[in-house]
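For reference, upload_16.cif (mmCIF, C-alpha atoms):
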```
data_data
loop_
_atom_site.group_PDB
_atom_site.id
_atom_site.type_symbol
_atom_site.label_atom_id
_atom_site.label_comp_id
_atom_site.auth_asym_id
_atom_site.auth_seq_id
_atom_site.Cartn_x
_atom_site.Cartn_y
_atom_site.Cartn_z
ATOM 1 C CA MET A 44 -24.945 -4.629 30.682
ATOM 2 C CA ALA A 45 -25.318 -0.893 30.081
ATOM 3 C CA THR A 46 -28.139 0.115 27.714
ATOM 4 C CA THR A 47 -28.029 3.044 25.295
ATOM 5 C CA PRO A 48 -30.314 5.889 26.506
ATOM 6 C CA PRO A 49 -33.295 6.458 24.162
ATOM 7 C CA ASP A 50 -32.225 10.079 23.596
ATOM 8 C CA SER A 51 -28.549 9.271 23.002
ATOM 9 C CA ALA A 52 -26.670 10.807 20.096
ATOM 10 C CA GLU A 53 -26.021 7.295 18.766
ATOM 11 C CA ARG A 54 -29.721 6.406 18.648
ATOM 12 C CA LEU A 55 -30.684 9.777 17.189
ATOM 13 C CA ARG A 56 -28.096 9.396 14.451
ATOM 14 C CA ALA A 57 -29.334 5.884 13.618
ATOM 15 C CA ALA A 58 -32.916 7.174 13.477
ATOM 16 C CA GLY A 59 -31.768 10.012 11.240
ATOM 17 C CA ASN A 60 -30.079 7.539 8.905
ATOM 18 C CA GLN A 61 -33.305 5.513 8.667
ATOM 19 C CA SER A 62 -35.387 8.619 7.943
ATOM 20 C CA PHE A 63 -32.898 9.626 5.235
ATOM 21 C CA ARG A 64 -33.150 6.187 3.617
ATOM 22 C CA ASN A 65 -36.950 6.575 3.668
ATOM 23 C CA GLY A 66 -36.695 9.900 1.845
ATOM 24 C CA GLN A 67 -37.802 11.917 4.905
ATOM 25 C CA PHE A 68 -35.004 14.471 4.657
ATOM 26 C CA ALA A 69 -36.454 17.196 6.897
ATOM 27 C CA GLU A 70 -37.109 14.650 9.661
ATOM 28 C CA ALA A 71 -33.603 13.238 9.257
ATOM 29 C CA ALA A 72 -32.076 16.726 9.487
ATOM 30 C CA ALA A 73 -34.014 17.382 12.702
ATOM 31 C CA LEU A 74 -32.754 14.113 14.221
ATOM 32 C CA TYR A 75 -29.136 14.930 13.295
ATOM 33 C CA SER A 76 -29.600 18.388 14.828
ATOM 34 C CA ARG A 77 -30.903 16.824 18.031
ATOM 35 C CA ALA A 78 -27.944 14.414 18.137
ATOM 36 C CA LEU A 79 -25.538 17.356 17.817
ATOM 37 C CA GLN A 80 -27.394 19.191 20.570
ATOM 38 C CA VAL A 81 -27.193 16.170 22.895
ATOM 39 C CA MET A 82 -23.444 15.842 22.325
ATOM 40 C CA GLN A 83 -22.894 19.560 22.930
ATOM 41 C CA GLU A 84 -25.007 19.512 26.122
ATOM 42 C CA GLN A 85 -22.974 16.564 27.394
ATOM 43 C CA GLY A 86 -19.733 18.297 26.440
ATOM 44 C CA SER A 87 -18.777 15.241 24.413
ATOM 45 C CA LEU A 88 -18.651 16.506 20.819
ATOM 46 C CA ASP A 89 -16.177 14.014 19.400
ATOM 47 C CA PRO A 90 -14.677 15.598 16.249
ATOM 48 C CA LYS A 91 -15.204 12.518 14.109
ATOM 49 C CA GLU A 92 -18.788 11.928 15.246
ATOM 50 C CA GLY A 93 -19.610 15.623 15.016
ATOM 51 C CA SER A 94 -18.191 15.814 11.512
ATOM 52 C CA VAL A 95 -20.335 12.864 10.383
ATOM 53 C CA LEU A 96 -23.478 14.438 11.841
ATOM 54 C CA TYR A 97 -22.842 17.793 10.151
ATOM 55 C CA SER A 98 -22.083 16.002 6.887
ATOM 56 C CA ASN A 99 -25.240 13.892 7.150
ATOM 57 C CA ARG A 100 -27.345 16.965 7.851
ATOM 58 C CA ALA A 101 -25.705 18.640 4.851
ATOM 59 C CA ALA A 102 -26.872 15.710 2.691
ATOM 60 C CA CYS A 103 -30.438 16.366 3.856
ATOM 61 C CA HIS A 104 -30.145 20.046 2.934
ATOM 62 C CA LEU A 105 -28.750 19.116 -0.470
ATOM 63 C CA LYS A 106 -31.640 16.710 -1.129
ATOM 64 C CA ASP A 107 -34.112 19.474 -0.206
ATOM 65 C CA GLY A 108 -32.370 21.996 -2.475
ATOM 66 C CA ASN A 109 -31.127 24.081 0.462
ATOM 67 C CA CYS A 110 -27.623 24.538 -0.936
ATOM 68 C CA ARG A 111 -26.524 27.393 1.335
ATOM 69 C CA ASP A 112 -27.191 25.438 4.542
ATOM 70 C CA CYS A 113 -25.546 22.408 2.928
ATOM 71 C CA ILE A 114 -22.391 24.469 2.365
ATOM 72 C CA LYS A 115 -22.467 25.753 5.971
ATOM 73 C CA ASP A 116 -22.771 22.234 7.417
ATOM 74 C CA CYS A 117 -20.074 20.807 5.139
ATOM 75 C CA THR A 118 -17.743 23.598 6.207
ATOM 76 C CA LEU A 119 -18.460 22.818 9.872
ATOM 77 C CA ALA A 120 -17.797 19.106 9.205
ATOM 78 C CA LEU A 121 -14.488 19.922 7.515
ATOM 79 C CA ALA A 122 -13.461 22.184 10.377
ATOM 80 C CA LEU A 123 -13.750 19.192 12.717
ATOM 81 C CA VAL A 124 -12.113 16.653 10.364
ATOM 82 C CA PRO A 125 -10.279 18.383 7.511
ATOM 83 C CA PHE A 126 -10.239 16.809 4.035
ATOM 84 C CA SER A 127 -13.144 14.436 4.690
ATOM 85 C CA MET A 128 -14.420 13.023 1.421
ATOM 86 C CA LYS A 129 -18.206 13.212 1.797
ATOM 87 C CA PRO A 130 -18.507 16.841 2.975
ATOM 88 C CA LEU A 131 -16.112 17.909 0.207
ATOM 89 C CA LEU A 132 -18.248 16.181 -2.425
ATOM 90 C CA ARG A 133 -21.497 17.512 -0.984
ATOM 91 C CA ARG A 134 -20.169 21.045 -0.748
ATOM 92 C CA ALA A 135 -18.903 20.820 -4.337
ATOM 93 C CA SER A 136 -22.372 19.744 -5.497
ATOM 94 C CA ALA A 137 -23.969 22.638 -3.610
ATOM 95 C CA TYR A 138 -21.494 25.153 -5.045
ATOM 96 C CA GLU A 139 -22.184 23.764 -8.511
ATOM 97 C CA ALA A 140 -25.962 24.090 -8.044
ATOM 98 C CA LEU A 141 -25.439 27.741 -7.020
ATOM 99 C CA GLU A 142 -23.214 28.227 -10.123
ATOM 100 C CA LYS A 143 -20.196 28.958 -7.942
ATOM 101 C CA TYR A 144 -18.064 26.984 -10.371
ATOM 102 C CA PRO A 145 -14.574 28.040 -9.188
ATOM 103 C CA LEU A 146 -15.336 26.884 -5.633
ATOM 104 C CA ALA A 147 -16.925 23.654 -6.866
ATOM 105 C CA TYR A 148 -13.857 22.985 -9.036
ATOM 106 C CA VAL A 149 -11.524 23.434 -6.053
ATOM 107 C CA ASP A 150 -13.515 20.965 -3.915
ATOM 108 C CA TYR A 151 -13.712 18.370 -6.692
ATOM 109 C CA LYS A 152 -9.951 18.657 -7.316
ATOM 110 C CA THR A 153 -9.277 18.337 -3.579
ATOM 111 C CA VAL A 154 -11.252 15.083 -3.533
ATOM 112 C CA LEU A 155 -9.125 13.735 -6.388
ATOM 113 C CA GLN A 156 -5.984 14.345 -4.335
ATOM 114 C CA ILE A 157 -7.435 11.994 -1.717
ATOM 115 C CA ASP A 158 -8.647 9.357 -4.183
ATOM 116 C CA ASP A 159 -8.065 9.942 -7.875
ATOM 117 C CA SER A 160 -10.611 7.322 -8.951
ATOM 118 C CA VAL A 161 -13.777 8.896 -7.469
ATOM 119 C CA LYS A 162 -16.062 9.022 -10.487
ATOM 120 C CA SER A 163 -18.360 11.785 -9.208
ATOM 121 C CA ALA A 164 -15.336 14.051 -8.661
ATOM 122 C CA LEU A 165 -13.854 13.234 -12.074
ATOM 123 C CA GLU A 166 -17.163 14.018 -13.747
ATOM 124 C CA GLY A 167 -17.518 17.171 -11.626
ATOM 125 C CA VAL A 168 -14.083 18.408 -12.715
ATOM 126 C CA ASN A 169 -15.039 17.824 -16.347
ATOM 127 C CA ARG A 170 -18.299 19.762 -15.966
ATOM 128 C CA MET A 171 -16.633 22.611 -14.098
ATOM 129 C CA THR A 172 -13.827 22.807 -16.659
ATOM 130 C CA ARG A 173 -16.362 23.287 -19.447
ATOM 131 C CA ALA A 174 -18.376 25.825 -17.433
ATOM 132 C CA LEU A 175 -15.271 27.806 -16.428
ATOM 133 C CA MET A 176 -13.940 27.893 -19.971
ATOM 134 C CA ASP A 177 -17.298 29.248 -21.133
ATOM 135 C CA SER A 178 -17.590 31.852 -18.368
ATOM 136 C CA LEU A 179 -13.980 32.926 -17.769
ATOM 137 C CA GLY A 180 -12.287 32.218 -21.087
ATOM 138 C CA PRO A 181 -9.093 30.324 -21.977
ATOM 139 C CA GLU A 182 -7.137 31.695 -18.993
ATOM 140 C CA TRP A 183 -9.717 30.510 -16.483
ATOM 141 C CA ARG A 184 -7.163 28.582 -14.398
ATOM 142 C CA LEU A 185 -5.430 31.853 -13.485
ATOM 143 C CA LYS A 186 -8.665 33.130 -11.946
ATOM 144 C CA LEU A 187 -9.276 30.233 -9.558
ATOM 145 C CA PRO A 188 -8.804 30.164 -5.785
ATOM 146 C CA SER A 189 -5.793 28.105 -4.723
ATOM 147 C CA ILE A 190 -6.361 24.365 -4.355
ATOM 148 C CA PRO A 191 -5.240 23.149 -0.909
ATOM 149 C CA LEU A 192 -2.569 20.469 -0.724
ATOM 150 C CA VAL A 193 -3.980 17.355 0.920
ATOM 151 C CA PRO A 194 -1.555 15.917 3.507
ATOM 152 C CA ILE A 195 -0.538 12.259 3.314
ATOM 153 C CA SER A 196 -2.202 11.654 6.695
ATOM 154 C CA ALA A 197 -5.611 12.537 5.240
ATOM 155 C CA GLN A 198 -5.076 10.207 2.294
ATOM 156 C CA LYS A 199 -4.104 7.365 4.630
ATOM 157 C CA ARG A 200 -7.124 8.080 6.850
ATOM 158 C CA TRP A 201 -9.418 7.781 3.853
ATOM 159 C CA ASP A 202 -7.758 4.531 2.736
ATOM 160 C CA SER A 203 -8.026 2.910 6.157
ATOM 161 C CA GLU A 204 -11.468 4.136 7.237
ATOM 162 C CA ASN A 205 -13.338 3.903 3.959
ATOM 163 C CA HIS A 206 -11.742 1.022 2.046
ATOM 164 C CA LYS A 207 -14.789 -1.253 2.195
ATOM 165 C CA GLU A 208 -17.250 1.547 1.477
ATOM 166 C CA THR A 209 -15.148 2.766 -1.441
ATOM 167 C CA ALA A 210 -14.968 -0.730 -2.918
ATOM 168 C CA LYS A 211 -18.750 -1.058 -2.687
ATOM 169 C CA SER A 212 -19.267 2.370 -4.243
ATOM 170 C CA LYS A 213 -16.828 1.656 -7.072
ATOM 171 C CA SER A 214 -18.594 -1.631 -7.750
ATOM 172 C CA LYS A 215 -21.923 0.175 -8.087
ATOM 173 C CA GLU A 216 -20.384 2.851 -10.279
ATOM 174 C CA THR A 217 -18.773 0.221 -12.509
ATOM 175 C CA THR A 218 -22.072 -1.640 -12.882
ATOM 176 C CA ALA A 219 -23.890 1.576 -13.761
ATOM 177 C CA ALA A 220 -21.198 2.647 -16.209
ATOM 178 C CA LYS A 221 -21.184 -0.718 -17.962
ATOM 179 C CA SER A 222 -24.941 -0.493 -18.504
ATOM 180 C CA ARG A 223 -24.537 2.830 -20.341
ATOM 181 C CA VAL A 224 -23.560 2.778 -24.010
ATOM 182 C CA PRO A 225 -21.220 5.737 -24.661
ATOM 183 C CA SER A 226 -22.087 8.183 -27.435
ATOM 184 C CA SER A 227 -19.689 8.859 -30.308
ATOM 185 C CA GLY A 228 -18.783 12.115 -28.563
ATOM 186 C CA ASP A 229 -18.019 10.251 -25.341
ATOM 187 C CA VAL A 230 -15.802 7.798 -27.228
ATOM 188 C CA GLU A 231 -13.863 10.621 -28.860
ATOM 189 C CA ARG A 232 -13.437 12.458 -25.544
ATOM 190 C CA ALA A 233 -12.242 9.201 -23.953
ATOM 191 C CA ARG A 234 -9.702 8.731 -26.755
ATOM 192 C CA VAL A 235 -8.300 12.260 -26.336
ATOM 193 C CA LEU A 236 -7.972 11.821 -22.567
ATOM 194 C CA LYS A 237 -6.270 8.439 -23.035
ATOM 195 C CA GLU A 238 -3.723 10.032 -25.381
ATOM 196 C CA GLU A 239 -3.098 12.785 -22.831
ATOM 197 C CA GLY A 240 -2.501 10.055 -20.256
ATOM 198 C CA ASN A 241 -0.058 8.342 -22.625
ATOM 199 C CA GLU A 242 1.934 11.571 -22.991
ATOM 200 C CA LEU A 243 2.116 11.952 -19.207
ATOM 201 C CA VAL A 244 3.423 8.379 -18.913
ATOM 202 C CA LYS A 245 6.196 9.214 -21.373
ATOM 203 C CA LYS A 246 7.157 12.103 -19.081
ATOM 204 C CA GLY A 247 7.134 9.822 -16.032
ATOM 205 C CA ASN A 248 4.159 11.576 -14.439
ATOM 206 C CA HIS A 249 2.231 8.435 -13.507
ATOM 207 C CA LYS A 250 -0.041 9.999 -10.890
ATOM 208 C CA LYS A 251 -1.372 12.610 -13.338
ATOM 209 C CA ALA A 252 -1.643 9.936 -16.014
ATOM 210 C CA ILE A 253 -3.904 7.884 -13.721
ATOM 211 C CA GLU A 254 -6.160 10.911 -13.414
ATOM 212 C CA LYS A 255 -6.367 11.217 -17.208
ATOM 213 C CA TYR A 256 -7.050 7.515 -17.729
ATOM 214 C CA SER A 257 -9.723 7.619 -15.005
ATOM 215 C CA GLU A 258 -11.361 10.603 -16.724
ATOM 216 C CA SER A 259 -11.207 8.702 -20.015
ATOM 217 C CA LEU A 260 -12.936 5.698 -18.456
ATOM 218 C CA SER A 261 -15.675 7.941 -17.041
ATOM 219 C CA PHE A 262 -16.624 8.741 -20.659
ATOM 220 C CA SER A 263 -16.174 5.236 -22.076
ATOM 221 C CA ASN A 264 -15.020 2.133 -20.213
ATOM 222 C CA LEU A 265 -15.065 -0.177 -23.215
ATOM 223 C CA GLU A 266 -11.395 0.041 -24.207
ATOM 224 C CA SER A 267 -9.166 -2.641 -22.722
ATOM 225 C CA VAL A 268 -5.983 -0.658 -23.411
ATOM 226 C CA THR A 269 -7.015 2.229 -21.149
ATOM 227 C CA TYR A 270 -7.293 -0.149 -18.195
ATOM 228 C CA SER A 271 -3.964 -1.835 -18.935
ATOM 229 C CA ASN A 272 -2.302 1.572 -19.358
ATOM 230 C CA ARG A 273 -3.621 2.716 -15.992
ATOM 231 C CA ALA A 274 -2.374 -0.569 -14.537
ATOM 232 C CA LEU A 275 1.121 0.323 -15.758
ATOM 233 C CA CYS A 276 0.914 3.547 -13.754
ATOM 234 C CA TYR A 277 -0.265 1.711 -10.652
ATOM 235 C CA LEU A 278 2.693 -0.659 -11.023
ATOM 236 C CA ALA A 279 5.078 2.299 -11.221
ATOM 237 C CA LEU A 280 3.539 3.697 -8.015
ATOM 238 C CA LYS A 281 3.680 0.260 -6.321
ATOM 239 C CA GLN A 282 -0.121 0.132 -6.006
ATOM 240 C CA TYR A 283 -0.198 -3.531 -6.909
ATOM 241 C CA LYS A 284 -3.763 -4.422 -5.923
ATOM 242 C CA GLU A 285 -5.082 -1.581 -8.080
ATOM 243 C CA ALA A 286 -2.916 -2.846 -10.948
ATOM 244 C CA VAL A 287 -4.400 -6.338 -10.604
ATOM 245 C CA ARG A 288 -7.914 -4.900 -10.618
ATOM 246 C CA ASP A 289 -7.319 -2.863 -13.784
ATOM 247 C CA CYS A 290 -5.653 -5.736 -15.635
ATOM 248 C CA THR A 291 -8.614 -7.953 -14.764
ATOM 249 C CA GLU A 292 -10.977 -5.320 -16.206
ATOM 250 C CA ALA A 293 -8.781 -5.112 -19.322
ATOM 251 C CA LEU A 294 -8.839 -8.886 -19.816
ATOM 252 C CA GLN A 295 -12.619 -9.043 -19.420
ATOM 253 C CA LEU A 296 -12.818 -6.677 -22.395
ATOM 254 C CA ASP A 297 -10.018 -8.338 -24.402
ATOM 255 C CA GLY A 298 -8.920 -11.813 -23.363
ATOM 256 C CA LYS A 299 -5.789 -11.546 -25.554
ATOM 257 C CA ASN A 300 -4.439 -8.302 -24.099
ATOM 258 C CA VAL A 301 -0.831 -9.425 -23.679
ATOM 259 C CA LYS A 302 0.201 -6.329 -21.738
ATOM 260 C CA ALA A 303 -2.612 -6.879 -19.242
ATOM 261 C CA PHE A 304 -1.466 -10.474 -18.636
ATOM 262 C CA TYR A 305 2.147 -9.317 -18.232
ATOM 263 C CA ARG A 306 1.352 -6.437 -15.898
ATOM 264 C CA ARG A 307 -0.977 -8.525 -13.772
ATOM 265 C CA ALA A 308 1.748 -11.171 -13.538
ATOM 266 C CA GLN A 309 4.164 -8.445 -12.379
ATOM 267 C CA ALA A 310 1.667 -7.207 -9.796
ATOM 268 C CA TYR A 311 0.973 -10.729 -8.492
ATOM 269 C CA LYS A 312 4.719 -11.332 -8.210
ATOM 270 C CA ALA A 313 5.120 -8.127 -6.164
ATOM 271 C CA LEU A 314 2.232 -9.305 -3.944
ATOM 272 C CA LYS A 315 4.039 -12.675 -3.564
ATOM 273 C CA ASP A 316 1.119 -14.489 -5.227
ATOM 274 C CA TYR A 317 3.499 -16.538 -7.363
ATOM 275 C CA LYS A 318 0.970 -19.151 -8.516
ATOM 276 C CA SER A 319 -1.322 -16.501 -9.993
ATOM 277 C CA SER A 320 1.665 -14.753 -11.542
ATOM 278 C CA PHE A 321 2.850 -18.006 -13.132
ATOM 279 C CA ALA A 322 -0.643 -18.711 -14.491
ATOM 280 C CA ASP A 323 -0.794 -15.298 -16.154
ATOM 281 C CA ILE A 324 2.637 -15.753 -17.734
ATOM 282 C CA ASN A 325 1.556 -19.130 -19.123
ATOM 283 C CA SER A 326 -1.584 -17.551 -20.598
ATOM 284 C CA LEU A 327 0.544 -14.836 -22.180
ATOM 285 C CA LEU A 328 3.038 -17.303 -23.665
ATOM 286 C CA LYS A 329 0.210 -19.259 -25.292
ATOM 287 C CA ILE A 330 -0.593 -16.078 -27.211
ATOM 288 C CA GLU A 331 3.010 -14.961 -27.798
ATOM 289 C CA PRO A 332 5.370 -17.949 -27.258
ATOM 290 C CA ARG A 333 8.502 -15.880 -28.007
ATOM 291 C CA ASN A 334 7.752 -12.952 -25.710
ATOM 292 C CA GLY A 335 11.189 -12.295 -24.155
ATOM 293 C CA PRO A 336 10.160 -10.233 -21.102
ATOM 294 C CA ALA A 337 7.501 -12.841 -20.239
ATOM 295 C CA GLN A 338 10.041 -15.674 -20.511
ATOM 296 C CA LYS A 339 12.383 -13.798 -18.183
ATOM 297 C CA LEU A 340 9.595 -13.114 -15.682
ATOM 298 C CA GLN A 341 8.626 -16.790 -15.834
ATOM 299 C CA GLN A 342 12.130 -17.782 -14.771
ATOM 300 C CA GLU A 343 12.067 -15.301 -11.848
ATOM 301 C CA VAL A 344 8.663 -16.525 -10.647
ATOM 302 C CA ASN A 345 9.768 -20.168 -11.041
ATOM 303 C CA GLN A 346 12.642 -19.539 -8.626
ATOM 304 C CA ASN A 347 10.166 -18.352 -5.991
ATOM 305 C CA LEU A 348 7.861 -21.313 -6.567
ATOM 306 C CA ASN A 349 10.653 -23.901 -6.155
#
```
Exercise: express the given structure as structure tokens:
Amino acid sequence: MATTPPDSAERLRAAGNQSFRNGQFAEAAALYSRALQVMQEQGSLDPKEGSVLYSNRAACHLKDGNCRDCIKDCTLALALVPFSMKPLLRRASAYEALEKYPLAYVDYKTVLQIDDSVKSALEGVNRMTRALMDSLGPEWRLKLPSIPLVPISAQKRWDSENHKETAKSKSKETTAAKSRVPSSGDVERARVLKEEGNELVKKGNHKKAIEKYSESLSFSNLESVTYSNRALCYLALKQYKEAVRDCTEALQLDGKNVKAFYRRAQAYKALKDYKSSFADINSLLKIEPRNGPAQKLQQEVNQNLN
């Protein structure tokens, strides 16, 4: 069985990761640099592996406050694998630290094209919006660089390669958010954003509405209706698992949210989980026995169960 050479790029990267976890950022950066050197000497710089190494080294620079080298490494990572999430977020943070707000805004908005629920990007867009309004005035959007259009292939790559990591990250973010009590200002900002999302739904712009509801939840995640409204958008976009997740969040906050029961039942039906759909309809009808749409959905689900 072939063994991995002690000076292999794989081992150097793993050692770099351990040093980073231990808070030894300069040592980690040196190990990532050595791994890149080994790959280049062997003529085997795989784009994906190279991009990860540049992005990891950029994280070290960012931790050490070396924002300019962070930006350089993120740009190198993105040249190898365009529209990668982590280098975009790290470069945005570095731009923000250097007060290059237009460039930070563009990177944060690019991230949201890939995944519109990334909390750090949503919060970054909010911060940059305030900073740009203060520095450039009410017509600040006209003075921005163009925001690149993320191709569908990049979105699919993110979904397939990072699904588990994203779920873990979102779980941590949700736990952290739930431990924070929103201020009165946060609650008001959340309400305004929710209303903006509602207006976008009326216009049929569900993708933009999701962005607004997600921003609203970043300020205050205590309103059941915001989750069930975002679930409606996910249903319209046929993102049924996301709809189930949001309805579950809504029902944890308000166990009598009829719309959350109905929308989760719809999502379960689309996912062919007819037993769960039927259970949600029954729960709904205990609250509102004469709910016509629920009675109709019950009949449809019954046909699939029999």
Residues in the PyMOL selection byres ((chain A and resi 307) around 10), expressed as a short mmCIF file (atom, residue, chain, number, x, y, z; two decimals) with C-alpha atoms, in the frame of the given file:
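The resulting file, selection_23.cif, is shown below:
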```cif
data_model
loop_
_atom_site.label_atom_id
_atom_site.label_comp_id
_atom_site.auth_asym_id
_atom_site.auth_seq_id
_atom_site.Cartn_x
_atom_site.Cartn_y
_atom_site.Cartn_z
CA SER A 271 -3.96 -1.84 -18.93
CA ALA A 274 -2.37 -0.57 -14.54
CA LEU A 275 1.12 0.32 -15.76
CA LEU A 278 2.69 -0.66 -11.02
CA TYR A 283 -0.20 -3.53 -6.91
CA LYS A 284 -3.76 -4.42 -5.92
CA GLU A 285 -5.08 -1.58 -8.08
CA ALA A 286 -2.92 -2.85 -10.95
CA VAL A 287 -4.40 -6.34 -10.60
CA ARG A 288 -7.91 -4.90 -10.62
CA ASP A 289 -7.32 -2.86 -13.78
CA CYS A 290 -5.65 -5.74 -15.64
CA THR A 291 -8.61 -7.95 -14.76
CA LEU A 294 -8.84 -8.89 -19.82
CA VAL A 301 -0.83 -9.43 -23.68
CA LYS A 302 0.20 -6.33 -21.74
CA ALA A 303 -2.61 -6.88 -19.24
CA PHE A 304 -1.47 -10.47 -18.64
CA TYR A 305 2.15 -9.32 -18.23
CA ARG A 306 1.35 -6.44 -15.90
CA ALA A 308 1.75 -11.17 -13.54
CA GLN A 309 4.16 -8.44 -12.38
CA ALA A 310 1.67 -7.21 -9.80
CA TYR A 311 0.97 -10.73 -8.49
CA LYS A 312 4.72 -11.33 -8.21
CA ALA A 313 5.12 -8.13 -6.16
CA SER A 319 -1.32 -16.50 -9.99
CA SER A 320 1.66 -14.75 -11.54
CA ASP A 323 -0.79 -15.30 -16.15
CA ILE A 324 2.64 -15.75 -17.73
#
```
Original post:
Got a sec: who's within 10 Å of region 128-133 of chain A, counting only C-alpha atoms, leaving out chain neighbours fewer than 5 positions off, as a VMD selection string?
Top reply: chain A and resid 94 to 95 97 to 99 101 to 102 104 to 105 110 113 to 114 116 to 121 138 to 139 147 149 to 155 157 to 158 161 163 to 164 167 197 to 198 201 205
Requested in this report: For region 62-71 of chain A, list every protein, DNA or RNA residue within 8 Å, evaluated using all atoms listed in the file, and leave out those in the same chain fewer than 5 positions away; present the list as JSON, numbers by chain.
Outcome: {"A": [100, 103, 104, 106, 107]}
One decimal place gives the CA of Lys329 (chain A)-CA of Gln342 (chain A) separation as 16.0 Å
Close residues, Lys251 (chain A) itself excluded, 12 Å, only C-alpha atoms, min 2 positions apart in chain, as a list in words | Leu155, Gln156, Asp159, Ser160, Leu236, Lys237, Glu239, Gly240, Asn241, Glu242, Leu243, Val244, Lys245, Lys246, Gly247, Asn248, His249, Ile253, Glu254, Lys255, Tyr256, Ser257, Glu258, Arg273, Cys276, Tyr277 and Leu280 of chain A
Export C-alpha atoms of the chosen residues as a compact mmCIF listing (two decimals), keeping the file's coordinate frame?
```txt
# COMPACT_ATOMS: atom_id res chain seq x y z
CA LEU A 155 -9.12 13.74 -6.39
CA GLN A 156 -5.98 14.34 -4.34
CA ASP A 159 -8.06 9.94 -7.88
CA SER A 160 -10.61 7.32 -8.95
CA LEU A 236 -7.97 11.82 -22.57
CA LYS A 237 -6.27 8.44 -23.04
CA GLU A 239 -3.10 12.78 -22.83
CA GLY A 240 -2.50 10.06 -20.26
CA ASN A 241 -0.06 8.34 -22.62
CA GLU A 242 1.93 11.57 -22.99
CA LEU A 243 2.12 11.95 -19.21
CA VAL A 244 3.42 8.38 -18.91
CA LYS A 245 6.20 9.21 -21.37
CA LYS A 246 7.16 12.10 -19.08
CA GLY A 247 7.13 9.82 -16.03
CA ASN A 248 4.16 11.58 -14.44
CA HIS A 249 2.23 8.44 -13.51
CA ILE A 253 -3.90 7.88 -13.72
CA GLU A 254 -6.16 10.91 -13.41
CA LYS A 255 -6.37 11.22 -17.21
CA TYR A 256 -7.05 7.52 -17.73
CA SER A 257 -9.72 7.62 -15.00
CA GLU A 258 -11.36 10.60 -16.72
CA ARG A 273 -3.62 2.72 -15.99
CA CYS A 276 0.91 3.55 -13.75
CA TYR A 277 -0.26 1.71 -10.65
CA LEU A 280 3.54 3.70 -8.02
```
Across A:Val344, A:Ser76, A:Val168, A:Ser178, the smallest distance to Glu142 (chain A), with only C-alpha atoms counted, is shown by A:Ser178
As a check of understanding: the span from CA of Leu348 (chain A) to CA of Leu314 (chain A) is 13.5 Å
What separates CA of Glu53 (chain A) and CA of Ser87 (chain A) is a distance of 12.1 Å
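Remark: for Asn300 (chain A), the closest of the candidate residues A:Trp183, A:Tyr270, A:Tyr75, A:Phe262 is A:Tyr270 (distances computed over all atoms listed in the file).
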Between A:Pro145, A:Gly93, A:Pro225, A:Gly335, smallest distance to Met171 (chain A) by all atoms listed in the file belongs to A:Pro145
